[in-house]
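> Handing over entry_26.cif, mmCIF, C-alpha atoms.
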data_work
#
loop_
_atom_site.label_atom_id
_atom_site.label_comp_id
_atom_site.auth_asym_id
_atom_site.auth_seq_id
_atom_site.Cartn_x
_atom_site.Cartn_y
_atom_site.Cartn_z
CA MET Z 1 -2.11 -17.62 21.85
CA GLY Z 2 -4.65 -17.37 24.66
CA ASP Z 3 -7.50 -16.55 22.31
CA ALA Z 4 -7.79 -19.73 20.27
CA ALA Z 5 -11.17 -20.29 18.72
CA GLY Z 6 -11.76 -23.44 20.73
CA PRO Z 7 -12.66 -27.04 20.01
CA GLY Z 8 -15.62 -26.16 17.76
CA ALA Z 9 -13.53 -24.04 15.42
CA PRO Z 10 -13.39 -25.04 11.75
CA GLU Z 11 -10.24 -26.66 10.43
CA LEU Z 12 -8.22 -24.47 8.12
CA ARG Z 13 -6.08 -25.29 5.10
CA GLU Z 14 -2.80 -23.46 4.38
CA ILE Z 15 -1.76 -24.83 0.98
CA CYS Z 16 -3.15 -23.02 -2.05
CA ARG Z 17 -4.75 -25.17 -4.74
CA ALA Z 18 -5.24 -24.52 -8.44
CA GLU Z 19 -8.99 -24.13 -7.95
CA ASP Z 20 -8.65 -21.42 -5.27
CA PRO Z 21 -8.62 -18.37 -7.63
CA ALA Z 22 -12.05 -19.33 -8.98
CA ARG Z 23 -13.32 -20.20 -5.50
CA ILE Z 24 -12.11 -16.88 -4.08
CA GLU Z 25 -13.75 -14.97 -6.92
CA ASP Z 26 -16.97 -16.87 -6.25
CA LEU Z 27 -16.80 -16.19 -2.50
CA LEU Z 28 -16.05 -12.48 -2.93
CA ARG Z 29 -19.08 -12.14 -5.23
CA ARG Z 30 -21.30 -13.82 -2.62
CA VAL Z 31 -20.08 -11.45 0.13
CA GLY Z 32 -21.66 -8.63 -1.86
CA VAL Z 33 -19.61 -5.63 -0.65
CA PHE Z 34 -16.71 -5.88 -3.10
CA SER Z 35 -16.42 -4.09 -6.45
CA ALA Z 36 -15.36 -5.87 -9.65
CA GLU Z 37 -11.93 -4.23 -9.32
CA GLU Z 38 -11.57 -5.46 -5.73
CA ILE Z 39 -12.62 -8.99 -6.70
CA ALA Z 40 -10.04 -8.99 -9.51
CA ILE Z 41 -7.30 -7.96 -7.06
CA GLY Z 42 -8.40 -10.58 -4.53
CA ARG Z 43 -8.08 -13.21 -7.24
CA GLU Z 44 -4.69 -11.90 -8.40
CA LEU Z 45 -3.15 -12.33 -4.94
CA VAL Z 46 -3.81 -16.07 -4.83
CA GLU Z 47 -2.69 -16.43 -8.46
CA GLU Z 48 0.59 -14.76 -7.49
CA ARG Z 49 0.95 -17.14 -4.54
CA LEU Z 50 0.37 -20.14 -6.83
CA GLN Z 51 2.98 -18.83 -9.29
CA ARG Z 52 5.67 -17.57 -6.92
CA GLY Z 53 5.12 -19.56 -3.74
CA ALA Z 54 6.34 -18.09 -0.45
CA ALA Z 55 8.37 -15.47 -2.39
CA SER Z 56 5.04 -13.78 -3.19
CA GLY Z 57 4.90 -12.59 0.42
CA TYR Z 58 1.28 -13.74 0.67
CA GLU Z 59 0.09 -16.41 3.09
CA PHE Z 60 -3.41 -17.86 2.97
CA ARG Z 61 -5.79 -19.73 5.23
CA PHE Z 62 -8.88 -21.36 3.79
CA ALA Z 63 -12.04 -22.65 5.46
CA ASP Z 64 -13.29 -25.30 3.04
CA ARG Z 65 -16.96 -26.10 3.04
CA GLY Z 66 -17.27 -29.85 3.13
CA SER Z 67 -14.44 -32.17 2.28
CA ASP Z 68 -15.20 -32.68 -1.40
CA ILE Z 69 -12.75 -31.07 -3.80
CA GLY Z 70 -15.65 -29.49 -5.70
CA GLY Z 71 -16.87 -27.66 -2.61
CA SER Z 72 -16.91 -23.91 -2.10
CA LEU Z 73 -15.11 -21.72 0.43
CA GLY Z 74 -16.76 -20.76 3.71
CA GLY Z 75 -14.10 -18.10 4.12
CA TYR Z 76 -10.45 -17.26 3.67
CA CYS Z 77 -7.81 -14.73 4.56
CA CYS Z 78 -4.59 -13.45 2.98
CA PHE Z 79 -1.80 -11.82 4.96
CA GLY Z 80 1.94 -11.23 5.02
CA PRO Z 81 4.86 -8.97 5.93
CA ILE Z 82 4.65 -5.40 4.63
CA PRO Z 83 7.62 -4.61 2.37
CA LEU Z 84 10.11 -2.04 3.79
CA THR Z 85 9.07 -2.74 7.38
CA GLN Z 86 10.69 -4.74 10.15
CA GLY Z 87 7.93 -6.99 11.44
CA ALA Z 88 4.78 -5.16 10.38
CA TRP Z 89 2.19 -7.36 8.68
CA ASP Z 90 -0.91 -6.61 6.68
CA LEU Z 91 -4.13 -8.60 6.70
CA TYR Z 92 -4.78 -7.95 3.02
CA TRP Z 93 -8.08 -9.80 2.77
CA ILE Z 94 -10.54 -11.63 4.96
CA ALA Z 95 -13.94 -12.77 3.77
CA VAL Z 96 -16.59 -15.09 5.16
CA ASP Z 97 -19.57 -16.35 3.22
CA PRO Z 98 -22.67 -14.52 4.54
CA ALA Z 99 -24.45 -17.90 4.62
CA ALA Z 100 -21.72 -19.25 6.95
CA ARG Z 101 -21.74 -16.43 9.53
CA GLY Z 102 -21.94 -17.38 13.20
CA GLN Z 103 -19.89 -20.57 12.81
CA GLY Z 104 -16.67 -19.02 14.09
CA ILE Z 105 -14.97 -18.98 10.68
CA GLY Z 106 -13.91 -15.31 10.85
CA ARG Z 107 -12.45 -15.73 14.33
CA ALA Z 108 -10.67 -18.96 13.36
CA LEU Z 109 -9.07 -17.16 10.40
CA ILE Z 110 -7.94 -14.28 12.63
CA ASP Z 111 -6.58 -16.74 15.23
CA ALA Z 112 -4.59 -18.51 12.49
CA LEU Z 113 -3.17 -15.14 11.41
CA HIS Z 114 -2.12 -14.38 15.00
CA GLU Z 115 -0.50 -17.79 15.39
CA ALA Z 116 1.53 -17.34 12.18
CA ALA Z 117 2.45 -13.79 13.20
CA ALA Z 118 3.73 -14.85 16.63
CA ASN Z 119 5.77 -17.66 15.06
CA GLU Z 120 7.25 -15.61 12.23
CA GLY Z 121 8.52 -12.44 13.94
CA CYS Z 122 5.59 -10.11 13.37
CA ARG Z 123 5.42 -7.21 15.83
CA ALA Z 124 2.11 -5.71 14.74
CA ILE Z 125 -0.69 -6.32 12.26
CA TYR Z 126 -2.45 -3.64 10.23
CA ILE Z 127 -5.79 -3.84 8.45
CA ASP Z 128 -6.87 -1.17 5.96
CA THR Z 129 -10.63 -1.11 5.60
CA SER Z 130 -13.54 1.04 4.53
CA SER Z 131 -15.72 2.99 6.95
CA ARG Z 132 -18.84 2.07 4.94
CA PRO Z 133 -21.72 0.60 6.99
CA ASP Z 134 -21.64 -2.67 5.01
CA TYR Z 135 -18.20 -3.30 6.51
CA ALA Z 136 -19.62 -3.19 10.06
CA PRO Z 137 -19.49 -7.01 10.54
CA ALA Z 138 -15.77 -6.92 9.71
CA HIS Z 139 -15.18 -4.00 12.09
CA ARG Z 140 -16.89 -5.93 14.91
CA LEU Z 141 -14.72 -8.97 14.17
CA TYR Z 142 -11.54 -6.85 14.35
CA ALA Z 143 -12.60 -5.14 17.60
CA ALA Z 144 -13.46 -8.50 19.21
CA ALA Z 145 -10.02 -9.81 18.19
CA GLY Z 146 -8.19 -6.97 19.96
CA TYR Z 147 -7.74 -4.46 17.15
CA ARG Z 148 -8.18 -0.70 17.58
CA VAL Z 149 -8.50 2.06 15.01
CA ALA Z 150 -5.06 3.69 14.72
CA ALA Z 151 -5.98 6.13 11.95
CA ARG Z 152 -8.88 7.40 9.86
CA LEU Z 153 -8.25 9.01 6.46
CA THR Z 154 -11.38 11.01 5.69
CA ASP Z 155 -12.86 10.51 2.17
CA PHE Z 156 -9.90 8.30 1.19
CA TYR Z 157 -11.75 5.74 -0.96
CA ALA Z 158 -14.42 8.17 -2.17
CA PRO Z 159 -16.33 11.15 -0.78
CA GLY Z 160 -18.00 9.84 2.39
CA ASP Z 161 -15.95 6.61 2.36
CA ASP Z 162 -13.03 6.87 4.80
CA LYS Z 163 -10.09 4.51 5.21
CA LEU Z 164 -9.84 3.04 8.71
CA ILE Z 165 -6.50 1.51 9.73
CA PHE Z 166 -6.95 -1.08 12.45
CA THR Z 167 -3.91 -2.38 14.31
CA ARG Z 168 -3.00 -4.89 16.99
CA ALA Z 169 0.34 -5.63 18.62
CA ILE Z 170 1.65 -9.20 18.51
CA TYR Z 171 3.56 -10.51 21.50
CA ILE Z 172 6.08 -13.12 20.53
CA ALA Z 173 6.20 -15.97 23.01
CA ALA Z 174 9.52 -16.38 24.79
CA GLY Z 175 11.14 -19.49 23.36
CA MET C 176 -2.20 26.53 -9.52
CA GLY C 177 -1.37 29.62 -7.50
CA ASP C 178 1.82 28.08 -6.12
CA ALA C 179 3.91 27.60 -9.26
CA ALA C 180 7.62 27.47 -8.63
CA GLY C 181 8.23 30.61 -10.72
CA PRO C 182 10.40 31.57 -13.66
CA GLY C 183 13.61 30.23 -12.11
CA ALA C 184 12.21 26.72 -11.68
CA PRO C 185 14.01 23.84 -13.40
CA GLU C 186 12.41 22.33 -16.48
CA LEU C 187 11.04 18.84 -15.99
CA ARG C 188 10.80 15.86 -18.29
CA GLU C 189 7.77 13.52 -18.29
CA ILE C 190 8.77 10.75 -20.69
CA CYS C 191 10.71 7.85 -19.16
CA ARG C 192 13.89 6.79 -20.94
CA ALA C 193 15.70 3.47 -20.99
CA GLU C 194 18.56 4.93 -18.91
CA ASP C 195 16.25 6.13 -16.10
CA PRO C 196 16.30 2.93 -13.98
CA ALA C 197 20.09 3.16 -13.63
CA ARG C 198 19.92 6.93 -13.05
CA ILE C 199 17.25 6.54 -10.37
CA GLU C 200 19.28 3.86 -8.62
CA ASP C 201 22.31 6.17 -8.73
CA LEU C 202 20.32 9.12 -7.38
CA LEU C 203 18.73 7.11 -4.56
CA ARG C 204 22.17 5.92 -3.45
CA ARG C 205 23.43 9.52 -3.37
CA VAL C 206 20.47 10.63 -1.25
CA GLY C 207 21.78 8.36 1.48
CA VAL C 208 18.61 7.63 3.47
CA PHE C 209 17.29 4.69 1.46
CA SER C 210 17.93 1.01 2.15
CA ALA C 211 18.99 -1.43 -0.57
CA GLU C 212 15.43 -2.83 -0.55
CA GLU C 213 13.95 0.65 -1.00
CA ILE C 214 16.35 1.45 -3.84
CA ALA C 215 15.40 -1.80 -5.58
CA ILE C 216 11.69 -0.90 -5.33
CA GLY C 217 12.36 2.65 -6.58
CA ARG C 218 14.05 1.15 -9.62
CA GLU C 219 11.28 -1.40 -10.21
CA LEU C 220 8.62 1.30 -10.48
CA VAL C 221 10.30 3.01 -13.45
CA GLU C 222 11.03 -0.37 -15.05
CA GLU C 223 7.32 -1.17 -14.79
CA ARG C 224 6.48 2.19 -16.37
CA LEU C 225 8.89 1.49 -19.24
CA GLN C 226 7.35 -1.96 -19.77
CA ARG C 227 3.65 -1.20 -19.34
CA GLY C 228 3.37 2.52 -20.13
CA ALA C 229 0.46 4.46 -18.65
CA ALA C 230 -1.24 1.16 -17.69
CA SER C 231 1.40 0.85 -14.94
CA GLY C 232 -0.43 3.60 -13.04
CA TYR C 233 2.89 5.36 -12.40
CA GLU C 234 3.68 8.85 -13.68
CA PHE C 235 7.14 10.37 -13.44
CA ARG C 236 8.75 13.79 -13.55
CA PHE C 237 12.50 14.10 -13.94
CA ALA C 238 14.85 17.03 -13.32
CA ASP C 239 17.79 16.30 -15.62
CA ARG C 240 21.15 17.74 -14.70
CA GLY C 241 22.56 19.34 -17.82
CA SER C 242 21.24 18.59 -21.28
CA ASP C 243 23.63 15.77 -22.19
CA ILE C 244 22.08 12.33 -22.39
CA GLY C 245 24.85 10.95 -20.19
CA GLY C 246 23.99 13.34 -17.37
CA SER C 247 22.64 12.39 -13.96
CA LEU C 248 19.34 13.21 -12.28
CA GLY C 249 19.01 16.25 -10.01
CA GLY C 250 15.76 14.77 -8.74
CA TYR C 251 12.59 12.93 -9.71
CA CYS C 252 9.20 11.94 -8.45
CA CYS C 253 6.74 9.09 -9.10
CA PHE C 254 3.02 9.35 -8.43
CA GLY C 255 -0.34 8.01 -9.55
CA PRO C 256 -3.90 7.05 -8.64
CA ILE C 257 -4.28 4.64 -5.71
CA PRO C 258 -6.07 1.45 -6.82
CA LEU C 259 -9.56 0.94 -5.36
CA THR C 260 -10.03 4.67 -4.71
CA GLN C 261 -11.98 7.32 -6.57
CA GLY C 262 -9.51 10.17 -7.02
CA ALA C 263 -6.96 9.54 -4.28
CA TRP C 264 -3.36 9.69 -5.47
CA ASP C 265 -0.09 8.61 -3.90
CA LEU C 266 3.24 10.38 -4.22
CA TYR C 267 5.19 7.11 -4.17
CA TRP C 268 8.66 8.62 -4.43
CA ILE C 269 10.34 11.99 -4.46
CA ALA C 270 14.10 12.42 -4.24
CA VAL C 271 16.47 15.34 -4.80
CA ASP C 272 20.24 15.01 -5.04
CA PRO C 273 21.68 16.45 -1.79
CA ALA C 274 24.23 18.35 -3.95
CA ALA C 275 21.34 20.04 -5.80
CA ARG C 276 19.35 21.23 -2.76
CA GLY C 277 18.22 24.87 -2.69
CA GLN C 278 17.64 25.07 -6.45
CA GLY C 279 13.87 24.62 -6.22
CA ILE C 280 13.92 21.09 -7.67
CA GLY C 281 11.80 19.56 -4.89
CA ARG C 282 9.19 22.29 -5.14
CA ALA C 283 9.12 22.11 -8.93
CA LEU C 284 8.49 18.34 -8.71
CA ILE C 285 5.65 18.87 -6.21
CA ASP C 286 4.15 21.63 -8.37
CA ALA C 287 4.22 19.29 -11.39
CA LEU C 288 2.44 16.65 -9.31
CA HIS C 289 -0.25 19.15 -8.31
CA GLU C 290 -0.72 20.29 -11.91
CA ALA C 291 -1.17 16.70 -13.11
CA ALA C 292 -3.51 15.95 -10.17
CA ALA C 293 -5.75 18.96 -10.90
CA ASN C 294 -5.92 18.02 -14.59
CA GLU C 295 -6.58 14.32 -14.06
CA GLY C 296 -9.38 14.23 -11.50
CA CYS C 297 -7.38 13.76 -8.30
CA ARG C 298 -9.24 14.86 -5.15
CA ALA C 299 -6.41 14.38 -2.64
CA ILE C 300 -2.79 13.31 -2.51
CA TYR C 301 -1.27 11.06 0.15
CA ILE C 302 2.40 10.62 1.04
CA ASP C 303 3.57 7.78 3.29
CA THR C 304 6.89 8.63 4.90
CA SER C 305 9.13 7.77 7.80
CA SER C 306 9.32 9.85 10.99
CA ARG C 307 13.13 9.40 11.09
CA PRO C 308 15.12 12.63 11.53
CA ASP C 309 16.93 12.11 8.20
CA TYR C 310 13.57 12.59 6.48
CA ALA C 311 13.18 16.09 7.98
CA PRO C 312 14.06 17.90 4.70
CA ALA C 313 11.25 15.99 2.99
CA HIS C 314 8.81 16.78 5.80
CA ARG C 315 9.63 20.50 5.48
CA LEU C 316 9.06 20.32 1.72
CA TYR C 317 5.64 18.70 2.23
CA ALA C 318 4.58 21.23 4.89
CA ALA C 319 5.66 24.15 2.69
CA ALA C 320 3.61 22.68 -0.17
CA GLY C 321 0.42 22.59 1.90
CA TYR C 322 0.47 19.05 3.28
CA ARG C 323 -0.54 18.16 6.83
CA VAL C 324 0.00 14.96 8.83
CA ALA C 325 -3.29 13.04 8.67
CA ALA C 326 -2.07 9.98 10.58
CA ARG C 327 0.90 8.58 12.51
CA LEU C 328 1.35 4.81 12.89
CA THR C 329 3.71 4.36 15.82
CA ASP C 330 6.65 1.95 15.25
CA PHE C 331 5.26 1.00 11.81
CA TYR C 332 8.55 0.67 9.91
CA ALA C 333 10.57 -0.47 12.92
CA PRO C 334 10.67 0.21 16.67
CA GLY C 335 11.10 4.00 16.94
CA ASP C 336 10.38 4.54 13.22
CA ASP C 337 6.78 5.67 12.72
CA LYS C 338 4.84 5.99 9.48
CA LEU C 339 3.55 9.52 8.86
CA ILE C 340 0.78 9.94 6.31
CA PHE C 341 0.78 13.45 4.84
CA THR C 342 -2.19 14.62 2.78
CA ARG C 343 -3.33 17.61 0.79
CA ALA C 344 -6.64 18.28 -0.96
CA ILE C 345 -6.58 19.14 -4.66
CA TYR C 346 -9.08 21.64 -5.96
CA ILE C 347 -9.96 21.00 -9.57
CA ALA C 348 -10.25 24.23 -11.54
CA ALA C 349 -13.71 24.90 -12.95
CA GLY C 350 -13.37 24.40 -16.61
#
What does this structure look like when you write it as structure tokens?

Amino acid sequence: MGDAAGPGAPELREICRAEDPARIEDLLRRVGVFSAEEIAIGRELVEERLQRGAASGYEFRFADRGSDIGGSLGGYCCFGPIPLTQGAWDLYWIAVDPAARGQGIGRALIDALHEAAANEGCRAIYIDTSSRPDYAPAHRLYAAAGYRVAARLTDFYAPGDDKLIFTRAIYIAAG
Amino acid sequence: MGDAAGPGAPELREICRAEDPARIEDLLRRVGVFSAEEIAIGRELVEERLQRGAASGYEFRFADRGSDIGGSLGGYCCFGPIPLTQGAWDLYWIAVDPAARGQGIGRALIDALHEAAANEGCRAIYIDTSSRPDYAPAHRLYAAAGYRVAARLTDFYAPGDDKLIFTRAIYIAAG
């Protein structure tokens, strides 16, 4: 990919650990925009990955804060192929600790997604997100990473809260 | 609802029975447009309803062919509230036996969906579907029932196979 985050980018971890469900729940609470139902679903996805492995269809990337095993997450993302499609992927979740903004974590997570996508036959990535103003930092991250809004479903989540579907094509490197 | 299917409409059944997973699989094969993966998912939804009841989030309506318990399905649909939304519902599946077309089964299923939606606090219904020509009978059914295309995701399912998102508002009767 020509848009790597560069030498200062944080190192990411791919393997899920038993402590990640609790860490993800903790991170999603700190982000502040997610409801209790959303946080529960975010936690369930990593639990399913721990139980079912790659068959879950969910891949993760984690930005650990510090190297100690008791540390917290600076951010993470969860993505994978969308069932019933040929090569469409969904970025199900991405979250960065508000206290860790500006360190390139969000962009490093997106770059890791794009690298996996290009290597694993993904044609295009989709991101479903809310139009609410508190999602503006996420929207800016998506736009900076080459995503455009492909669709808006007015009042989808609630009156006044639209669903935006961002998308970006993935170009698979000739081998 | 002002758009009831009328006195000639087929009677529908709401309660799922143990034989429905096999009947749904049989019906989806007869329809001819669904892949093996899609048929497996269609079957899983009714299995989840049988296991978890209303907590599954899936409601069903069945058009039984004949009154004998060994009979096949003339059609069915599966719908329910979309997680993380306030009052948005998804029509996950609707299928009518090609040999039973023109008997008002599709419209009766849609009318039953709209009746449940109006009674259970649904604001709007969404239907994700393929743009492929073999889905044209379904698209005509949705248009006749008041749905419009809210979004098109080009090449979503596969190159040349777009996702269409149909939607219709539900007006809850003052009560």
> Once the PyMOL selection byres ((chain C and resi 264) around 6) has been evaluated on this model, what residues remain selected, and can you format them as an NGL selection string?
:C and (255-257 or 263 or 265 or 300)
> Taking all atoms of stretch 296-311 of chain C that appear in the file, build a box with edges along x, y and z, extend it by 3 Å on every side, and state its centre and edge lengths in Å to one decimal, as AutoDock Vina command-line options.

--center_x 3.8 --center_y 11.9 --center_z 0.0 --size_x 32.3 --size_y 14.3 --size_z 29.0
> What separation in Å, quoted to one decimal, exists between atom CA of C:Ile214 and atom CA of Z:Thr167?
27.5 Å
> I need the output of the PyMOL selection byres ((chain C and resi 303-311) around 8) for this file as number ranges by chain; which residues are they?
C: 208, 266-267, 301-302, 312-315, 332, 336-341
> Please, which residues in chain C fall within 7 Å of chain Z when counting all atoms listed in the file, and what is the closest atom pair and distance in Å to one decimal for each, ordered by chain then residue number, as JSON lines?

{"residue": "C:Glu212", "atom": "CA", "partner": "Z:Leu84", "partner_atom": "CA", "distance": 6.9}
{"residue": "C:Glu213", "atom": "CA", "partner": "Z:Leu84", "partner_atom": "CA", "distance": 6.7}
{"residue": "C:Leu259", "atom": "CA", "partner": "Z:Glu38", "partner_atom": "CA", "distance": 6.7}
{"residue": "C:Thr260", "atom": "CA", "partner": "Z:Tyr157", "partner_atom": "CA", "distance": 4.3}
{"residue": "C:Gln261", "atom": "CA", "partner": "Z:Ala158", "partner_atom": "CA", "distance": 5.1}
{"residue": "C:Ala263", "atom": "CA", "partner": "Z:Phe156", "partner_atom": "CA", "distance": 6.3}
{"residue": "C:Ala325", "atom": "CA", "partner": "Z:Leu153", "partner_atom": "CA", "distance": 6.8}
{"residue": "C:Ala326", "atom": "CA", "partner": "Z:Ala151", "partner_atom": "CA", "distance": 5.7}
{"residue": "C:Leu328", "atom": "CA", "partner": "Z:Ala150", "partner_atom": "CA", "distance": 6.8}
{"residue": "C:Phe331", "atom": "CA", "partner": "Z:Ala88", "partner_atom": "CA", "distance": 6.3}
{"residue": "C:Tyr332", "atom": "CA", "partner": "Z:Thr85", "partner_atom": "CA", "distance": 4.3}
{"residue": "C:Ala333", "atom": "CA", "partner": "Z:Gln86", "partner_atom": "CA", "distance": 5.1}
> Identify all residues satisfying the PyMOL selection byres ((chain C and resi 270-274) around 12) in the given file; provide them as a ChimeraX atom specification.
/C:198-209,214,217,235-240,247-253,266-269,275-285,309-310,312-313,316
> So, counting all atoms listed in the file, which residue among Z:Arg52, Z:Asp111, Z:Ile172, Z:Glu59 is closest to Z:Ala144?
Z:Asp111
> Tell me, in Å to one decimal, how far atom CA of C:Pro196 is from atom CA of C:Leu220.
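Separating atom CA of C:Pro196 from atom CA of C:Leu220 is a distance of 8.6 Å.
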> Between C:Arg343, C:Tyr233, C:Gly246, C:Pro185, which one has atoms that come closest to C:Ala318, using all atoms listed in the file?
C:Arg343
> If I take atom CA of C:Ala287 and atom CA of C:Ala193, how far is one from the other in Å, to one decimal?
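If I compute the distance from atom CA of C:Ala287 to atom CA of C:Ala193, I get 21.8 Å.
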